[in-house]
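Colleague: This is target-v2.cif (mmCIF, C-alpha atoms (C1' of nucleotides)).
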data_structure
loop_
_atom_site.label_atom_id
_atom_site.label_comp_id
_atom_site.auth_asym_id
_atom_site.auth_seq_id
_atom_site.Cartn_x
_atom_site.Cartn_y
_atom_site.Cartn_z
CA MET A 616 63.86 122.11 70.01
CA SER A 617 60.83 124.23 70.70
CA PRO A 618 62.10 127.41 72.25
CA ARG A 619 59.84 128.89 74.87
CA SER A 620 60.37 132.23 76.43
CA SER A 621 63.02 132.17 79.07
CA ALA A 622 60.68 133.31 81.80
CA ALA A 623 58.16 130.60 80.97
CA LEU A 624 60.70 127.79 81.21
CA ARG A 625 62.06 129.24 84.41
CA GLY A 626 58.56 129.21 85.83
CA ASN A 627 57.93 125.65 84.72
CA ILE A 628 61.17 124.56 86.33
CA LEU A 629 60.20 126.20 89.60
CA ASP A 630 56.76 124.58 89.47
CA SER A 631 58.17 121.12 88.89
CA ALA A 632 60.86 121.57 91.51
CA ARG A 633 58.32 122.74 94.07
CA ARG A 634 56.09 119.76 93.45
CA LEU A 635 58.83 117.14 93.33
CA PHE A 636 60.81 118.52 96.27
CA SER A 637 57.63 118.55 98.31
CA GLU A 638 56.56 115.05 97.30
CA ARG A 639 59.85 113.18 97.54
CA GLY A 640 62.03 115.51 99.57
CA TYR A 641 64.84 117.80 98.50
CA GLU A 642 67.69 115.30 98.77
CA ALA A 643 65.69 112.53 97.15
CA THR A 644 64.88 114.61 94.08
CA SER A 645 67.58 114.78 91.41
CA LEU A 646 68.07 117.55 88.89
CA GLN A 647 67.39 114.95 86.22
CA ASP A 648 64.00 114.21 87.81
CA ILE A 649 63.06 117.86 87.52
CA ALA A 650 64.42 118.22 84.00
CA SER A 651 62.48 115.15 82.83
CA ASP A 652 59.30 116.43 84.44
CA VAL A 653 59.66 119.82 82.84
CA GLY A 654 60.75 118.40 79.49
CA CYS A 655 64.15 120.00 79.14
CA SER A 656 67.73 118.94 79.64
CA LYS A 657 69.51 118.98 82.96
CA ALA A 658 72.06 121.35 81.44
CA SER A 659 69.30 123.77 80.51
CA LEU A 660 68.04 123.65 84.05
CA LEU A 661 71.49 124.59 85.29
CA TYR A 662 71.59 127.43 82.79
CA HIS A 663 68.65 129.09 84.54
CA PHE A 664 69.71 128.22 88.11
CA LYS A 665 73.32 128.12 89.07
CA ASN A 666 72.92 125.00 91.21
CA LYS A 667 70.43 122.86 93.10
CA ASP A 668 70.61 124.98 96.23
CA ALA A 669 69.71 128.11 94.28
CA LEU A 670 66.52 126.36 93.19
CA LEU A 671 65.57 125.60 96.77
CA ILE A 672 66.43 129.09 97.98
CA GLU A 673 64.36 130.73 95.26
CA LEU A 674 61.42 128.51 96.22
CA LEU A 675 61.71 129.35 99.91
CA THR A 676 62.41 133.07 99.72
CA PRO A 677 58.78 134.18 99.17
CA VAL A 678 57.44 132.21 102.11
CA THR A 679 60.23 133.24 104.47
CA ARG A 680 59.65 136.88 103.55
CA ARG A 681 55.97 136.43 104.14
CA LEU A 682 56.54 134.85 107.53
CA ALA A 683 58.93 137.63 108.48
CA GLY A 684 56.38 140.24 107.40
CA LEU A 685 53.74 138.45 109.42
CA LEU A 686 55.87 138.79 112.53
CA ASP A 687 56.36 142.50 111.97
CA GLU A 688 52.62 143.01 111.63
CA VAL A 689 51.72 141.32 114.88
CA ALA A 690 54.70 142.73 116.77
CA PRO A 691 52.77 145.68 118.31
CA LEU A 692 50.07 143.38 119.65
CA ALA A 693 50.02 141.60 122.98
CA GLY A 694 48.01 139.08 124.96
CA GLU A 695 45.12 137.27 123.32
CA ALA A 696 45.01 139.67 120.35
CA LEU A 697 48.63 138.75 119.58
CA VAL A 698 47.95 135.04 119.68
CA ARG A 699 44.78 135.25 117.60
CA ALA A 700 46.41 137.40 114.93
CA THR A 701 49.48 135.17 114.78
CA VAL A 702 47.49 131.97 114.45
CA SER A 703 45.23 133.41 111.79
CA ALA A 704 48.07 134.80 109.69
CA LEU A 705 50.12 131.67 110.19
CA VAL A 706 47.36 129.39 108.99
CA ASP A 707 46.75 131.61 105.97
CA SER A 708 50.42 131.45 105.05
CA ALA A 709 50.57 127.71 105.57
CA VAL A 710 47.54 127.05 103.39
CA GLU A 711 48.76 129.39 100.67
CA TYR A 712 52.31 128.04 100.67
CA ARG A 713 51.54 124.40 101.47
CA LEU A 714 54.36 122.91 99.48
CA GLU A 715 57.01 125.42 100.48
CA ILE A 716 56.06 125.15 104.14
CA ARG A 717 56.75 121.47 103.95
CA LEU A 718 60.24 122.11 102.63
CA LEU A 719 60.77 124.69 105.32
CA PHE A 720 59.82 122.42 108.21
CA GLU A 721 60.81 118.99 106.95
CA ASP A 722 63.75 119.36 104.61
CA LEU A 723 65.60 122.48 105.62
CA PRO A 724 66.30 121.56 109.26
CA ARG A 725 67.93 118.30 108.18
CA LEU A 726 70.14 119.82 105.51
CA PRO A 727 73.75 120.66 106.26
CA HIS A 728 74.01 124.29 107.31
CA ARG A 729 72.80 126.74 104.67
CA PRO A 730 74.12 130.19 105.64
CA GLU A 731 71.80 131.86 103.12
CA LEU A 732 68.74 130.72 105.05
CA ASN A 733 69.78 131.44 108.57
CA LEU A 734 66.81 133.73 109.05
CA VAL A 735 64.68 130.63 109.51
CA PRO A 736 65.64 129.53 113.04
CA ASP A 737 65.28 133.09 114.27
CA THR A 738 61.86 133.35 112.61
CA THR A 739 60.81 130.11 114.25
CA GLU A 740 61.86 131.39 117.64
CA ARG A 741 59.96 134.65 117.23
CA THR A 742 56.88 132.79 116.00
CA LEU A 743 56.95 130.59 119.09
CA ASP A 744 57.03 133.71 121.24
CA CYS A 745 53.96 135.11 119.54
CA LEU A 746 52.06 131.84 119.83
CA THR A 747 52.68 131.66 123.57
CA GLY A 748 51.75 135.33 124.01
CA ARG A 749 55.39 135.97 124.91
CA SER A 750 55.31 133.43 127.70
CA ARG A 751 58.47 131.56 128.63
CA ASP A 752 56.70 128.73 130.40
CA PRO A 753 58.18 125.47 129.07
CA ARG A 754 54.82 123.76 128.67
CA ALA A 755 53.44 126.76 126.81
CA ARG A 756 56.43 126.52 124.50
CA VAL A 757 55.78 122.84 123.94
CA ALA A 758 52.16 123.62 123.07
CA ALA A 759 53.28 126.37 120.69
CA TRP A 760 55.72 124.03 119.01
CA MET A 761 53.04 121.39 118.59
CA VAL A 762 50.73 123.97 117.05
CA LEU A 763 53.38 125.37 114.75
CA THR A 764 54.56 122.04 113.40
CA GLY A 765 51.02 120.69 113.36
CA ILE A 766 49.80 123.57 111.20
CA ALA A 767 52.74 123.27 108.85
CA LEU A 768 52.50 119.51 108.39
CA THR A 769 48.72 119.41 108.13
CA ALA A 770 48.69 122.04 105.42
CA GLY A 771 51.51 120.19 103.68
CA ALA A 772 49.76 116.83 103.94
CA SER A 773 46.60 118.26 102.45
CA ALA A 774 48.57 118.87 99.26
CA ASP A 775 48.96 115.20 98.46
CA ALA A 776 45.57 114.15 99.78
CA ALA A 777 47.04 112.19 102.68
CA LEU A 778 44.42 113.83 104.84
CA GLY A 779 41.56 112.72 102.69
CA ASP A 780 40.25 114.59 99.68
CA ASP A 781 36.92 115.44 101.25
CA VAL A 782 38.47 118.27 103.27
CA SER A 783 37.83 121.65 101.66
CA ASP A 784 40.22 124.55 101.99
CA THR A 785 37.67 126.35 104.15
CA ASP A 786 37.45 123.42 106.54
CA LEU A 787 41.21 123.12 106.55
CA ARG A 788 41.70 126.79 107.36
CA GLN A 789 39.01 127.09 110.00
CA GLY A 790 39.74 123.69 111.50
CA LEU A 791 43.38 124.63 111.95
CA ILE A 792 42.63 128.05 113.43
CA ASP A 793 40.10 126.68 115.91
CA ALA A 794 42.26 123.75 116.98
CA ALA A 795 45.34 125.93 117.33
CA LEU A 796 43.59 128.53 119.47
CA ARG A 797 42.13 125.83 121.69
CA ALA A 798 45.53 124.19 122.06
CA LEU A 799 47.03 127.52 123.08
CA GLY A 800 44.32 128.01 125.70
CA HIS A 801 41.94 130.43 124.00
CA MET B 103 90.63 93.96 113.60
CA SER B 104 89.03 93.93 117.04
CA PRO B 105 86.21 91.43 116.87
CA ARG B 106 83.19 92.26 118.99
CA SER B 107 80.30 89.93 119.54
CA SER B 108 77.91 89.82 116.66
CA ALA B 109 74.95 91.04 118.69
CA ALA B 110 76.91 94.01 120.02
CA LEU B 111 77.93 95.21 116.58
CA ARG B 112 74.42 94.73 115.32
CA GLY B 113 73.18 96.89 118.15
CA ASN B 114 75.76 99.57 117.51
CA ILE B 115 74.80 99.65 113.85
CA LEU B 116 71.15 100.07 114.75
CA ASP B 117 71.99 102.85 117.21
CA SER B 118 74.05 104.76 114.67
CA ALA B 119 71.50 104.27 111.94
CA ARG B 120 68.69 105.47 114.17
CA ARG B 121 70.59 108.63 115.11
CA LEU B 122 71.86 109.45 111.63
CA PHE B 123 68.60 108.63 109.83
CA SER B 124 66.76 110.85 112.29
CA GLU B 125 69.23 113.73 112.05
CA ARG B 126 69.85 113.85 108.31
CA GLY B 127 66.99 111.84 106.88
CA TYR B 128 66.93 108.31 105.50
CA GLU B 129 67.80 109.16 101.89
CA ALA B 130 70.49 111.62 102.90
CA THR B 131 72.30 109.07 105.05
CA SER B 132 74.60 106.65 103.24
CA LEU B 133 75.63 103.20 104.39
CA GLN B 134 79.18 104.52 104.49
CA ASP B 135 78.10 107.26 106.91
CA ILE B 136 76.72 104.64 109.26
CA ALA B 137 79.71 102.34 108.89
CA SER B 138 82.13 105.18 109.63
CA ASP B 139 80.12 106.21 112.67
CA VAL B 140 80.04 102.68 114.00
CA GLY B 141 83.68 102.03 113.14
CA CYS B 142 83.27 99.09 110.83
CA SER B 143 83.28 98.55 107.09
CA LYS B 144 80.31 99.05 104.86
CA ALA B 145 80.62 95.41 103.81
CA SER B 146 80.35 94.30 107.42
CA LEU B 147 77.24 96.39 107.80
CA LEU B 148 75.71 94.60 104.83
CA TYR B 149 76.63 91.28 106.36
CA HIS B 150 74.34 91.99 109.32
CA PHE B 151 71.55 93.65 107.32
CA LYS B 152 70.74 92.49 103.85
CA ASN B 153 70.22 96.03 102.55
CA LYS B 154 69.50 99.61 103.56
CA ASP B 155 65.75 99.10 103.64
CA ALA B 156 66.09 96.21 106.07
CA LEU B 157 67.84 98.58 108.43
CA LEU B 158 64.98 101.06 108.28
CA ILE B 159 62.35 98.37 108.66
CA GLU B 160 64.05 96.89 111.71
CA LEU B 161 64.18 100.35 113.27
CA LEU B 162 60.52 101.03 112.62
CA THR B 163 59.03 97.66 113.52
CA PRO B 164 59.01 98.16 117.32
CA VAL B 165 57.27 101.51 117.16
CA THR B 166 54.70 100.39 114.60
CA ARG B 167 53.91 97.37 116.75
CA ARG B 168 53.58 99.59 119.77
CA LEU B 169 51.24 101.97 117.95
CA ALA B 170 49.17 99.05 116.71
CA GLY B 171 48.96 97.68 120.24
CA LEU B 172 47.94 101.08 121.51
CA LEU B 173 45.01 101.10 119.12
CA ASP B 174 43.87 97.67 120.26
CA GLU B 175 43.95 98.79 123.88
CA VAL B 176 41.77 101.84 123.37
CA ALA B 177 39.45 100.13 120.89
CA PRO B 178 36.78 99.24 123.48
CA LEU B 179 36.59 102.83 124.72
CA ALA B 180 34.41 105.62 123.39
CA GLY B 181 33.78 109.33 123.81
CA GLU B 182 36.05 111.38 126.01
CA ALA B 183 37.64 108.33 127.63
CA LEU B 184 38.72 107.15 124.20
CA VAL B 185 40.29 110.48 123.30
CA ARG B 186 42.07 110.87 126.63
CA ALA B 187 43.49 107.36 126.56
CA THR B 188 44.61 107.72 122.96
CA VAL B 189 46.33 111.04 123.53
CA SER B 190 48.08 109.84 126.64
CA ALA B 191 49.35 106.63 125.06
CA LEU B 192 50.30 108.43 121.87
CA VAL B 193 52.38 111.01 123.70
CA ASP B 194 54.09 108.30 125.72
CA SER B 195 54.98 106.43 122.55
CA ALA B 196 56.19 109.57 120.82
CA VAL B 197 58.43 110.57 123.71
CA GLU B 198 59.82 107.07 124.08
CA TYR B 199 60.43 106.56 120.37
CA ARG B 200 61.34 110.15 119.45
CA LEU B 201 63.78 109.28 116.73
CA GLU B 202 61.76 106.50 115.16
CA ILE B 203 58.61 108.60 115.17
CA ARG B 204 60.41 111.17 113.13
CA LEU B 205 61.31 108.57 110.52
CA LEU B 206 57.74 107.34 110.55
CA PHE B 207 56.18 110.74 109.92
CA GLU B 208 58.83 112.54 107.90
CA ASP B 209 60.74 109.99 105.88
CA LEU B 210 58.42 107.06 105.26
CA PRO B 211 55.59 108.97 103.57
CA ARG B 212 58.01 110.42 101.03
CA LEU B 213 59.73 107.15 100.18
CA PRO B 214 58.70 105.15 97.14
CA HIS B 215 56.15 102.55 98.12
CA ARG B 216 57.41 100.05 100.70
CA PRO B 217 55.01 97.11 100.71
CA GLU B 218 56.53 95.80 103.95
CA LEU B 219 55.29 98.83 105.85
CA ASN B 220 51.81 99.19 104.50
CA LEU B 221 50.37 98.88 107.97
CA VAL B 222 51.32 102.50 108.58
CA PRO B 223 48.68 104.37 106.57
CA ASP B 224 45.99 102.19 108.07
CA THR B 225 47.34 102.81 111.55
CA THR B 226 47.33 106.55 110.89
CA GLU B 227 43.73 106.40 109.80
CA ARG B 228 42.63 104.47 112.87
CA THR B 229 44.56 106.82 115.14
CA LEU B 230 42.79 109.80 113.60
CA ASP B 231 39.47 108.11 114.33
CA CYS B 232 40.37 107.68 117.98
CA LEU B 233 41.57 111.27 118.32
CA THR B 234 38.30 112.62 116.97
CA GLY B 235 36.29 110.27 119.16
CA ARG B 236 35.18 108.49 115.97
CA SER B 237 33.79 111.67 114.50
CA ARG B 238 33.78 112.13 110.73
CA ASP B 239 33.48 115.92 110.84
CA PRO B 240 36.12 117.35 108.48
CA ARG B 241 37.24 120.05 110.90
CA ALA B 242 37.58 117.51 113.68
CA ARG B 243 39.73 115.45 111.37
CA VAL B 244 41.88 118.48 110.61
CA ALA B 245 42.32 119.11 114.33
CA ALA B 246 43.22 115.47 114.89
CA TRP B 247 45.77 115.58 112.08
CA MET B 248 47.33 118.72 113.54
CA VAL B 249 47.56 117.06 116.94
CA LEU B 250 49.00 113.84 115.56
CA THR B 251 51.69 115.47 113.45
CA GLY B 252 52.33 118.10 116.09
CA ILE B 253 52.98 115.47 118.75
CA ALA B 254 55.23 113.47 116.46
CA LEU B 255 57.30 116.41 115.27
CA THR B 256 57.58 118.06 118.67
CA ALA B 257 58.84 114.88 120.28
CA GLY B 258 61.23 114.43 117.36
CA ALA B 259 62.49 118.01 117.54
CA SER B 260 63.20 117.66 121.23
CA ALA B 261 65.77 115.03 120.33
CA ASP B 262 68.13 117.48 118.67
CA ALA B 263 67.41 120.35 121.06
CA ALA B 264 65.69 122.43 118.39
CA LEU B 265 63.01 123.12 120.96
CA GLY B 266 65.44 124.45 123.51
CA ASP B 267 67.32 122.34 125.98
CA ASP B 268 65.53 123.75 129.00
CA VAL B 269 62.46 121.60 128.36
CA SER B 270 62.40 118.52 130.58
CA ASP B 271 60.80 115.27 129.53
CA THR B 272 58.09 115.82 132.10
CA ASP B 273 57.24 119.22 130.67
CA LEU B 274 57.35 117.79 127.18
CA ARG B 275 55.02 114.97 128.05
CA GLN B 276 52.49 116.95 130.07
CA GLY B 277 52.66 119.96 127.76
CA LEU B 278 51.84 117.77 124.78
CA ILE B 279 49.00 115.94 126.53
CA ASP B 280 47.39 119.16 127.75
CA ALA B 281 47.73 120.98 124.46
CA ALA B 282 46.45 118.00 122.48
CA LEU B 283 43.38 117.54 124.67
CA ARG B 284 42.57 121.24 124.47
CA ALA B 285 42.98 121.20 120.70
CA LEU B 286 40.59 118.26 120.48
CA GLY B 287 38.02 120.10 122.59
CA HIS B 288 38.48 118.53 126.03
"C1'" DG C 510 95.49 71.23 117.34
"C1'" DT C 511 91.80 70.84 113.67
"C1'" DC C 512 88.19 72.28 111.05
"C1'" DA C 513 83.76 74.09 109.83
"C1'" DA C 514 81.00 77.97 110.59
"C1'" DA C 515 80.53 82.71 111.61
"C1'" DT C 516 82.31 87.18 111.05
"C1'" DC C 517 84.64 90.72 108.71
"C1'" DT C 518 86.83 93.48 104.94
"C1'" DG C 519 89.11 95.18 100.38
"C1'" DT C 520 87.85 95.56 96.08
"C1'" DC C 521 85.09 95.95 92.45
"C1'" DC C 522 80.65 97.01 89.90
"C1'" DG C 523 77.02 99.66 87.32
"C1'" DA C 524 74.17 103.49 88.19
"C1'" DT C 525 73.41 107.97 89.38
"C1'" DC C 526 74.60 112.14 91.62
"C1'" DG C 527 75.55 117.54 90.98
"C1'" DG C 528 78.01 120.21 87.98
"C1'" DT C 529 81.14 121.94 83.76
"C1'" DC C 530 81.96 123.11 79.13
"C1'" DA C 531 82.35 123.49 74.28
"C1'" DG C 532 79.52 123.90 70.80
"C1'" DT C 533 74.87 124.40 68.40
"C1'" DT C 534 70.55 126.65 67.61
"C1'" DA C 535 67.26 130.40 67.58
"C1'" DC C 536 66.08 135.34 68.15
"C1'" DG C 537 66.09 140.36 67.80
"C1'" DG C 538 68.16 144.62 66.40
"C1'" DT C 539 70.16 146.89 62.58
"C1'" DA D 249 71.28 139.38 55.14
"C1'" DC D 250 74.10 139.73 58.96
"C1'" DC D 251 75.61 139.16 63.60
"C1'" DG D 252 75.91 139.40 68.64
"C1'" DT D 253 73.74 137.41 72.28
"C1'" DA D 254 70.62 134.57 74.83
"C1'" DA D 255 68.91 129.90 75.17
"C1'" DC D 256 69.79 125.34 74.97
"C1'" DT D 257 72.03 120.71 74.71
"C1'" DG D 258 75.10 116.32 74.44
"C1'" DA D 259 78.94 114.68 76.25
"C1'" DC D 260 81.69 114.35 79.82
"C1'" DC D 261 83.77 114.70 84.73
"C1'" DG D 262 84.96 113.06 89.48
"C1'" DA D 263 82.50 111.59 93.39
"C1'" DT D 264 79.46 108.76 95.66
"C1'" DC D 265 75.65 105.76 95.87
"C1'" DG D 266 73.78 100.75 97.25
"C1'" DG D 267 75.28 96.40 96.72
"C1'" DA D 268 78.02 91.83 95.32
"C1'" DC D 269 81.68 88.71 96.16
"C1'" DA D 270 85.84 86.20 97.03
"C1'" DG D 271 88.92 85.68 100.32
"C1'" DA D 272 90.99 86.60 104.95
"C1'" DT D 273 90.41 86.18 109.88
"C1'" DT D 274 88.33 84.77 114.14
"C1'" DT D 275 85.59 81.73 116.90
"C1'" DG D 276 83.84 77.73 119.23
"C1'" DA D 277 83.10 72.68 119.40
"C1'" DC D 278 85.63 68.59 119.55
#
What do you get writing this file as structure tokens?
Modeller:
Amino acid sequence: MSPRSSAALRGNILDSARRLFSERGYEATSLQDIASDVGCSKASLLYHFKNKDALLIELLTPVTRRLAGLLDEVAPLAGEALVRATVSALVDSAVEYRLEIRLLFEDLPRLPHRPELNLVPDTTERTLDCLTGRSRDPRARVAAWMVLTGIALTAGASADAALGDDVSDTDLRQGLIDAALRALGH
Amino acid sequence: MSPRSSAALRGNILDSARRLFSERGYEATSLQDIASDVGCSKASLLYHFKNKDALLIELLTPVTRRLAGLLDEVAPLAGEALVRATVSALVDSAVEYRLEIRLLFEDLPRLPHRPELNLVPDTTERTLDCLTGRSRDPRARVAAWMVLTGIALTAGASADAALGDDVSDTDLRQGLIDAALRALGH
DNA sequence: GTCAAATCTGTCCGATCGGTCAGTTACGGT
DNA sequence: ACCGTAACTGACCGATCGGACAGATTTGAC
């Protein structure tokens, strides 16, 4: 067998897992699917990652850290400045981490409780607060939820061209920011 | 065994399947899960529905018909009237069919091709057209996609109280309509 | 009551799931 | 050349998957 460097194979596994998880869903993707895609054995895959969950967690950690950092950055702001900064940073994160965002919003909530990723619901709650400008009005929260999920899913959908391949990243980014700010009343 | 009427059991199976599919995802829900929830055997379940796919299709047919009908109703309209009517009807459908909408937008696109449900992508495309007021501008399409997925996911999330249980259906409905219209520039 | 049809279930099937493990191969330091 | 260790794999495990099927049970028409 052609031996690659350990780090390279690890990276290839993560790339395949990210793509397949995002396309078919976490539960619907088997370890064998990933191994076949990467060109190694399932046992080799489990040599680099102790189980399937570890693979998912390693994929999601960067984006959850980024989202948490985002919240810290906008924390001192208030009013319209808060909303604008949150939307802008959120869209940037969503476009950069399209595939992972999809896992975060579509797969994770439907998985049986994962104690290692409990930061997510709290992050979601704090993000909603920022999007409403710290309002507690129910309809403002509904609007914020629509914006949040809409951004996440639209960025995710753009990955597999469901949106149409004529949409550039610039249009995606600016279209999302503008629509989100309008939806939130700015 | 306590024999219920055939129609009643069929209905109970559909109810359980709708709830479990929506909560855990279609692939992650087994026929045994549904049978246990309903209180019958897996074999009995397969007596009423020829396979797992048939269950999903029967759950989705009403909402896809409704969405198709919605499009026919607004077809003669144009401009702002078109957008307003589409958003209003879309939100109503999403709130009424919360659970099914979730399957439609989260599970179906990630399933291997289902020829029986090919009407869906076309319906999505036509809905996007209505939401943009028949515009082909890429950023308008992005906004429409954000609104469409946002409405679907927000209505779906409200089913398992992820949004917070203090949001009434009225707030949900009106909050979605207002936010969507603002996002679309009205 | 009788009997055919409808309803229901226990049991089995092959496939695949995530995961383990013993053993093989290749690599780097000495 | 040698050897410890890291990298890798085939074979296997118990569990569970969607589904098939023969037979038991219940029902309704007569």
Colleague: Step by step, work through what the PyMOL selection byres ((chain C and resi 524) around 12) selects in the shown file, and finish by giving those residues as a PyMOL selection string.
Modeller: (chain C and resi 522-523+525-526) or (chain D and resi 264-267)
Colleague: Compile the residues of chain C that lie within 9 Å of chain A, evaluated using only C-alpha atoms (C1' of nucleotides), and express the compilation as a ChimeraX atom specification.
Modeller: /C:526-528,534-535
Colleague: Measure the distance from CA of Arg797 (chain A) to CA of Tyr199 (chain B) in Å and round it to one decimal.
Modeller: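 Separation between CA of Arg797 (chain A) and CA of Tyr199 (chain B): 26.6 Å.
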Colleague: Return as a ChimeraX atom specification the set of residues that the PyMOL selection byres ((chain B) within 8 of (chain A)) yields on the displayed structure.
Modeller: /B:125-127,129-130,208,212-213,240-242,244-245,247-253,255-256,265,268-269,273-274,276-278,280-287
Colleague: Can you write just those residues out, C-alpha atoms, as a PDB file, in the frame of the given file?
Modeller:
ATOM      1  CA  GLU B 125      69.230 113.730 112.050  1.00  0.00           C
ATOM      2  CA  ARG B 126      69.850 113.850 108.310  1.00  0.00           C
ATOM      3  CA  GLY B 127      66.990 111.840 106.880  1.00  0.00           C
ATOM      4  CA  GLU B 129      67.800 109.160 101.890  1.00  0.00           C
ATOM      5  CA  ALA B 130      70.490 111.620 102.900  1.00  0.00           C
ATOM      6  CA  GLU B 208      58.830 112.540 107.900  1.00  0.00           C
ATOM      7  CA  ARG B 212      58.010 110.420 101.030  1.00  0.00           C
ATOM      8  CA  LEU B 213      59.730 107.150 100.180  1.00  0.00           C
ATOM      9  CA  PRO B 240      36.120 117.350 108.480  1.00  0.00           C
ATOM     10  CA  ARG B 241      37.240 120.050 110.900  1.00  0.00           C
ATOM     11  CA  ALA B 242      37.580 117.510 113.680  1.00  0.00           C
ATOM     12  CA  VAL B 244      41.880 118.480 110.610  1.00  0.00           C
ATOM     13  CA  ALA B 245      42.320 119.110 114.330  1.00  0.00           C
ATOM     14  CA  TRP B 247      45.770 115.580 112.080  1.00  0.00           C
ATOM     15  CA  MET B 248      47.330 118.720 113.540  1.00  0.00           C
ATOM     16  CA  VAL B 249      47.560 117.060 116.940  1.00  0.00           C
ATOM     17  CA  LEU B 250      49.000 113.840 115.560  1.00  0.00           C
ATOM     18  CA  THR B 251      51.690 115.470 113.450  1.00  0.00           C
ATOM     19  CA  GLY B 252      52.330 118.100 116.090  1.00  0.00           C
ATOM     20  CA  ILE B 253      52.980 115.470 118.750  1.00  0.00           C
ATOM     21  CA  LEU B 255      57.300 116.410 115.270  1.00  0.00           C
ATOM     22  CA  THR B 256      57.580 118.060 118.670  1.00  0.00           C
ATOM     23  CA  LEU B 265      63.010 123.120 120.960  1.00  0.00           C
ATOM     24  CA  ASP B 268      65.530 123.750 129.000  1.00  0.00           C
ATOM     25  CA  VAL B 269      62.460 121.600 128.360  1.00  0.00           C
ATOM     26  CA  ASP B 273      57.240 119.220 130.670  1.00  0.00           C
ATOM     27  CA  LEU B 274      57.350 117.790 127.180  1.00  0.00           C
ATOM     28  CA  GLN B 276      52.490 116.950 130.070  1.00  0.00           C
ATOM     29  CA  GLY B 277      52.660 119.960 127.760  1.00  0.00           C
ATOM     30  CA  LEU B 278      51.840 117.770 124.780  1.00  0.00           C
ATOM     31  CA  ASP B 280      47.390 119.160 127.750  1.00  0.00           C
ATOM     32  CA  ALA B 281      47.730 120.980 124.460  1.00  0.00           C
ATOM     33  CA  ALA B 282      46.450 118.000 122.480  1.00  0.00           C
ATOM     34  CA  LEU B 283      43.380 117.540 124.670  1.00  0.00           C
ATOM     35  CA  ARG B 284      42.570 121.240 124.470  1.00  0.00           C
ATOM     36  CA  ALA B 285      42.980 121.200 120.700  1.00  0.00           C
ATOM     37  CA  LEU B 286      40.590 118.260 120.480  1.00  0.00           C
ATOM     38  CA  GLY B 287      38.020 120.100 122.590  1.00  0.00           C
TER      39      GLY B 287
END
Colleague: Please identify all residues of chain D having at least one atom at most 8 Å from any atom of chain A, considering all atoms listed in the file, and return them as a PyMOL selection string.
Modeller: chain D and resi 255-257
Colleague: Between C1' of DC250 (chain D) and CA of Ala623 (chain A), what is the distance, to one decimal in Å?
Modeller: 28.7 Å
Colleague: Near DT520 (chain C), within 12 Å and counting all atoms listed in the file, which residues show up once chain neighbours fewer than 6 positions away are dropped, as a PyMOL selection string?
Modeller: (chain B and resi 145) or (chain D and resi 268-271)
Colleague: Applying 10 Å and all atoms listed in the file, which residues near Leu705 (chain A) remain after dropping the ones on its own chain fewer than 2 positions away? List them as number ranges by chain.
Modeller: A: 681-682, 685-686, 699-703, 707-711, 742, 746, 763, 766-767, 791-792
Colleague: Given the file shown, determine the residues that the PyMOL selection byres ((chain C and resi 513) around 12) selects; report them as a list in words.
Modeller: DT511, DC512, DA514 and DA515 of chain C; DT275, DG276, DA277 and DC278 of chain D
Colleague: One number please: CA of Ile115 (chain B) to CA of Val140 (chain B), in Å, one decimal.
Modeller: 6.1 Å
Colleague: Let me have the centre and edge lengths of the axis-aligned box enclosing all listed atoms of region 772-786 of chain A with 5 Å padding on every side, in Å to one decimal, as AutoDock Vina command-line options.
Modeller:
--center_x 43.3 --center_y 119.3 --center_z 102.5 --size_x 22.8 --size_y 24.2 --size_z 18.1
Colleague: Using all atoms listed in the file, find the one residue out of B:Leu206, B:Leu122, B:Ala263, B:Leu161 that sits nearest to Thr225 (chain B).
Modeller: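 Of B:Leu206, B:Leu122, B:Ala263, B:Leu161, the one nearest Thr225 (chain B), counting all atoms listed in the file, is B:Leu206.
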Colleague: Name the closest residue to Val185 (chain B) among the candidates B:Val222, B:Cys232, B:Ala170, B:Leu162; distances are taken between atoms, counting only C-alpha atoms.
Modeller: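 Using only C-alpha atoms, the shortest distance to Val185 (chain B) belongs to B:Cys232.
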